[in-house]
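The data block below is protein-v4.csv; it holds CSV, C-alpha atoms.
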```csv
chain,number,residue,atom,x,y,z
A,505,MET,CA,15.3,-41.9,-41.7
A,506,LYS,CA,17.9,-41.4,-39.0
A,507,LYS,CA,17.6,-37.6,-39.4
A,508,LEU,CA,13.8,-37.7,-39.2
A,509,SER,CA,14.0,-39.8,-36.0
A,510,LEU,CA,16.5,-37.4,-34.5
A,511,LEU,CA,14.3,-34.4,-35.4
A,512,LEU,CA,11.2,-36.0,-34.0
A,513,LEU,CA,13.1,-36.9,-30.8
A,514,SER,CA,14.3,-33.3,-30.5
A,515,VAL,CA,10.8,-31.9,-31.0
A,516,CYS,CA,9.4,-34.3,-28.4
A,517,LEU,CA,12.1,-33.5,-25.9
A,518,LEU,CA,11.6,-29.7,-26.4
A,519,PHE,CA,7.8,-30.2,-25.9
A,520,VAL,CA,8.4,-32.2,-22.7
A,521,LEU,CA,10.9,-29.8,-21.2
A,522,SER,CA,8.8,-26.7,-22.1
A,523,SER,CA,5.7,-28.2,-20.4
A,524,CYS,CA,7.5,-28.8,-17.1
A,525,SER,CA,6.6,-26.2,-14.5
A,526,LYS,CA,9.1,-24.6,-12.2
A,527,LYS,CA,8.4,-24.6,-8.5
A,528,SER,CA,8.7,-21.1,-7.2
A,529,THR,CA,7.9,-19.3,-4.1
A,530,PRO,CA,4.8,-17.2,-4.5
A,531,SER,CA,5.6,-13.5,-4.5
A,532,PRO,CA,3.8,-11.3,-1.9
A,533,ASN,CA,0.6,-9.7,-3.1
A,534,VAL,CA,1.7,-6.4,-4.6
A,535,THR,CA,-1.1,-4.3,-6.0
A,536,GLY,CA,0.5,-0.9,-5.7
A,537,THR,CA,3.1,1.1,-3.9
A,538,ILE,CA,3.3,3.1,-0.6
A,539,THR,CA,6.6,4.8,0.2
A,540,VAL,CA,7.2,7.2,3.0
A,541,THR,CA,10.2,8.7,4.9
A,542,ILE,CA,9.8,7.9,8.7
A,543,ASP,CA,12.2,9.9,10.9
A,544,GLY,CA,14.6,10.2,7.9
A,545,SER,CA,14.5,6.6,6.7
A,546,VAL,CA,12.7,5.6,3.5
A,547,GLN,CA,10.3,2.7,4.0
A,548,LYS,CA,8.2,0.8,1.5
A,549,PHE,CA,4.8,-0.8,2.4
A,550,ASN,CA,4.2,-2.6,-0.9
A,551,VAL,CA,3.0,-6.0,0.4
A,552,SER,CA,-0.8,-6.2,0.1
A,553,ALA,CA,-0.8,-2.5,-0.6
A,554,THR,CA,-4.4,-1.7,-1.5
A,555,ALA,CA,-7.1,0.9,-1.4
A,556,ASN,CA,-10.8,0.6,-0.8
A,557,ILE,CA,-13.3,3.4,-1.6
A,558,LYS,CA,-16.8,3.2,-0.1
A,559,ASN,CA,-19.7,5.5,0.0
A,560,ILE,CA,-21.8,5.1,3.2
A,561,SER,CA,-24.8,7.4,3.5
A,562,GLY,CA,-23.3,10.1,1.3
A,563,VAL,CA,-19.9,10.1,2.9
A,564,ASN,CA,-16.9,8.7,1.0
A,565,ILE,CA,-14.3,6.7,2.9
A,566,VAL,CA,-10.9,5.9,1.3
A,567,SER,CA,-9.0,3.2,3.3
A,568,ILE,CA,-5.3,2.6,2.3
A,569,PHE,CA,-3.2,-0.3,3.8
A,570,GLY,CA,0.2,-1.7,3.2
A,571,ALA,CA,2.8,-3.8,5.0
A,572,GLU,CA,6.6,-3.9,4.7
A,573,GLY,CA,6.7,-7.7,4.5
A,574,THR,CA,4.8,-10.8,5.2
A,575,GLY,CA,4.1,-12.2,8.7
A,576,SER,CA,4.8,-10.0,11.7
A,577,THR,CA,5.9,-6.7,10.2
A,578,ASN,CA,5.5,-2.9,10.2
A,579,THR,CA,2.2,-1.7,8.6
A,580,ILE,CA,0.7,1.6,7.7
A,581,ALA,CA,-3.0,2.5,7.4
A,582,ILE,CA,-4.5,5.8,6.0
A,583,SER,CA,-8.1,6.8,5.8
A,584,VAL,CA,-9.8,9.8,4.3
A,585,VAL,CA,-13.4,10.6,5.2
A,586,ASN,CA,-15.2,13.3,3.3
A,587,PRO,CA,-18.5,13.8,1.3
A,588,SER,CA,-16.4,14.2,-1.8
A,589,ILE,CA,-13.0,12.6,-2.7
A,590,THR,CA,-11.7,14.5,-5.7
A,591,ALA,CA,-8.4,14.7,-7.6
A,592,GLY,CA,-6.3,17.8,-6.7
A,593,THR,CA,-7.8,18.1,-3.2
A,594,THR,CA,-5.7,18.2,0.0
A,595,TYR,CA,-7.4,16.6,3.1
A,596,THR,CA,-6.2,17.4,6.6
A,597,GLY,CA,-6.8,15.9,10.0
A,598,VAL,CA,-9.1,18.8,10.9
A,599,GLY,CA,-12.6,17.5,11.6
A,600,SER,CA,-11.2,13.9,11.4
A,601,GLN,CA,-10.9,14.0,7.6
A,602,VAL,CA,-7.6,12.1,7.8
A,603,GLN,CA,-6.3,9.4,10.1
A,604,ILE,CA,-2.9,7.8,9.7
A,605,SER,CA,-1.7,4.8,11.8
A,606,TYR,CA,1.8,3.3,11.8
A,607,THR,CA,2.1,0.0,13.6
A,608,LEU,CA,5.5,-1.6,14.4
A,609,ALA,CA,6.1,-5.4,14.5
A,610,SER,CA,7.2,-4.8,18.1
A,611,GLY,CA,3.6,-3.8,18.9
A,612,ALA,CA,4.1,0.0,19.2
A,613,VAL,CA,1.2,1.9,17.5
A,614,TYR,CA,1.5,5.5,16.3
A,615,GLN,CA,-1.5,7.5,15.2
A,616,TYR,CA,-2.4,11.0,14.2
A,617,ALA,CA,-4.6,12.6,16.9
A,618,ASP,CA,-6.4,15.8,15.9
A,619,ASP,CA,-6.6,17.0,19.5
A,620,ASP,CA,-2.8,17.5,19.7
A,621,GLY,CA,-1.8,20.9,18.3
A,622,ALA,CA,1.7,19.5,17.5
A,623,ALA,CA,0.4,16.6,15.5
A,624,PHE,CA,-0.9,16.9,12.0
A,625,ALA,CA,-1.8,14.7,9.0
A,626,THR,CA,-2.4,15.6,5.3
A,627,VAL,CA,-3.3,13.6,2.2
A,628,LEU,CA,-3.3,15.0,-1.3
A,629,VAL,CA,-5.3,13.0,-3.7
A,630,LYS,CA,-3.6,13.5,-7.1
A,631,SER,CA,-5.9,11.2,-9.1
A,632,VAL,CA,-8.8,8.9,-8.3
A,633,SER,CA,-10.9,6.5,-10.3
A,634,SER,CA,-12.8,3.3,-9.6
A,635,THR,CA,-9.7,1.3,-10.3
A,636,ASN,CA,-6.7,3.4,-9.1
A,637,ILE,CA,-5.9,6.2,-6.6
A,638,GLN,CA,-2.6,8.2,-6.4
A,639,GLY,CA,-1.4,10.8,-4.0
A,640,THR,CA,0.9,12.0,-1.3
A,641,PHE,CA,0.7,12.1,2.5
A,642,SER,CA,2.6,13.3,5.6
A,643,GLY,CA,2.0,13.6,9.3
A,644,ASN,CA,3.4,13.8,12.8
A,645,LEU,CA,2.1,10.8,14.7
A,646,ASN,CA,1.9,10.2,18.5
A,647,LEU,CA,2.7,7.0,20.3
A,648,ILE,CA,-0.7,5.7,21.5
A,649,SER,CA,0.3,2.1,22.5
A,650,GLY,CA,3.4,0.1,23.3
A,651,THR,CA,6.9,1.5,23.9
A,652,GLY,CA,9.0,3.7,21.6
A,653,ALA,CA,9.7,7.3,20.7
A,654,ALA,CA,6.9,9.7,21.7
A,655,LYS,CA,6.4,10.8,18.1
A,656,GLU,CA,7.1,9.6,14.5
A,657,ILE,CA,7.5,12.1,11.7
A,658,LEU,CA,6.2,10.9,8.3
A,659,SER,CA,7.2,12.9,5.2
A,660,ASN,CA,7.4,12.5,1.4
A,661,GLY,CA,4.7,9.8,1.5
A,662,THR,CA,3.4,8.6,-1.9
A,663,PHE,CA,0.9,6.0,-2.9
A,664,ASN,CA,-0.2,4.6,-6.2
A,665,LEU,CA,-2.7,1.8,-5.5
A,666,ASN,CA,-5.2,-0.4,-7.2
A,667,VAL,CA,-8.7,0.1,-5.8
A,668,VAL,CA,-9.9,-3.4,-4.8
A,669,SER,CA,-13.3,-2.3,-3.8
A,670,ALA,CA,-15.4,0.7,-4.8
A,671,ASN,CA,-19.1,1.5,-5.0
```
Whole structure given in structure tokens:
Amino acid sequence: MKKLSLLLLSVCLLFVLSSCSKKSTPSPNVTGTITVTIDGSVQKFNVSATANIKNISGVNIVSIFGAEGTGSTNTIAISVVNPSITAGTTYTGVGSQVQISYTLASGAVYQYADDDGAAFATVLVKSVSSTNIQGTFSGNLNLISGTGAAKEILSNGTFNLNVVSAN
């Protein structure tokens, strides 16, 4: 009888301990990855990293966004506007097909501007579906607001993102 009581107590204790929940800090919303080298330094914008794909009046718009952390932090935003977004296609800033913005927590904003012959932006869409988009990007961005270097050079950019909205 003593062994049965001990076994029953052990099972009850195991049940109670396994049903307790641990308090943990919620992790930032990571739904994909965005990595890019900015002026020689690798940076990751994986917090709330998402893509949206919309078709408005026959024009497809891909919007990509990511942050380095939560709160006041550096962010990156990329958009591609074209009648057709297809895998294996490189989109350029010519004709406003590509826009890239890089915003620093300090308030400085860098953006590709297609009227500057020294600036450029490209996005290669490697694969695209209603649930995921993958590709690469690069660009030379100009300071358009705030204080900082006149240009930021983005290279070796990659993204692999869940599409949170598509139509």
| task | Just the residues within 10 Å of stretch 574-586 of chain A, please, counting all atoms listed in the file, with nothing from its chain fewer than 5 positions along; format it as JSON, numbers by chain. | result | {"A": [532, 533, 538, 540, 547, 548, 549, 550, 551, 552, 553, 554, 555, 556, 557, 558, 559, 562, 563, 564, 565, 566, 567, 568, 569, 595, 596, 597, 599, 600, 601, 602, 603, 604, 605, 606, 607, 608, 609, 610, 611, 612, 613, 614, 615, 616, 625, 626, 627, 629, 641]}
| In Å, how far is it from atom CA of A:Ile589 to atom CA of A:Lys630? | 10.4 Å
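Taking only C-alpha atoms into account, A:Leu645 lies nearest to A:Ile542 out of the set A:Ser669, A:Ile542, A:Phe663, A:Gly536.
Computed from the coordinates, the atom CA of A:Asn636 to atom CA of A:Thr590 distance equals 12.6 Å.
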| request: Mind checking which residues fall within 12 Å of A:Gly592, counting all atoms listed in the file, ignoring those fewer than 6 positions away in the same chain, and posting them as a list in words? | output: Val627, Leu628, Val629, Lys630, Ser631, Val632, Ile637, Gln638, Gly639 and Thr640 of chain A
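What separates atom CA of A:Ser561 from atom CA of A:Ser634 is a distance of 18.2 Å.
Considering the residues A:Ala591, A:Val668, A:Ala571, A:Leu658 and counting all atoms listed in the file, A:Thr537 has its shortest atom-to-atom contact with A:Ala571.
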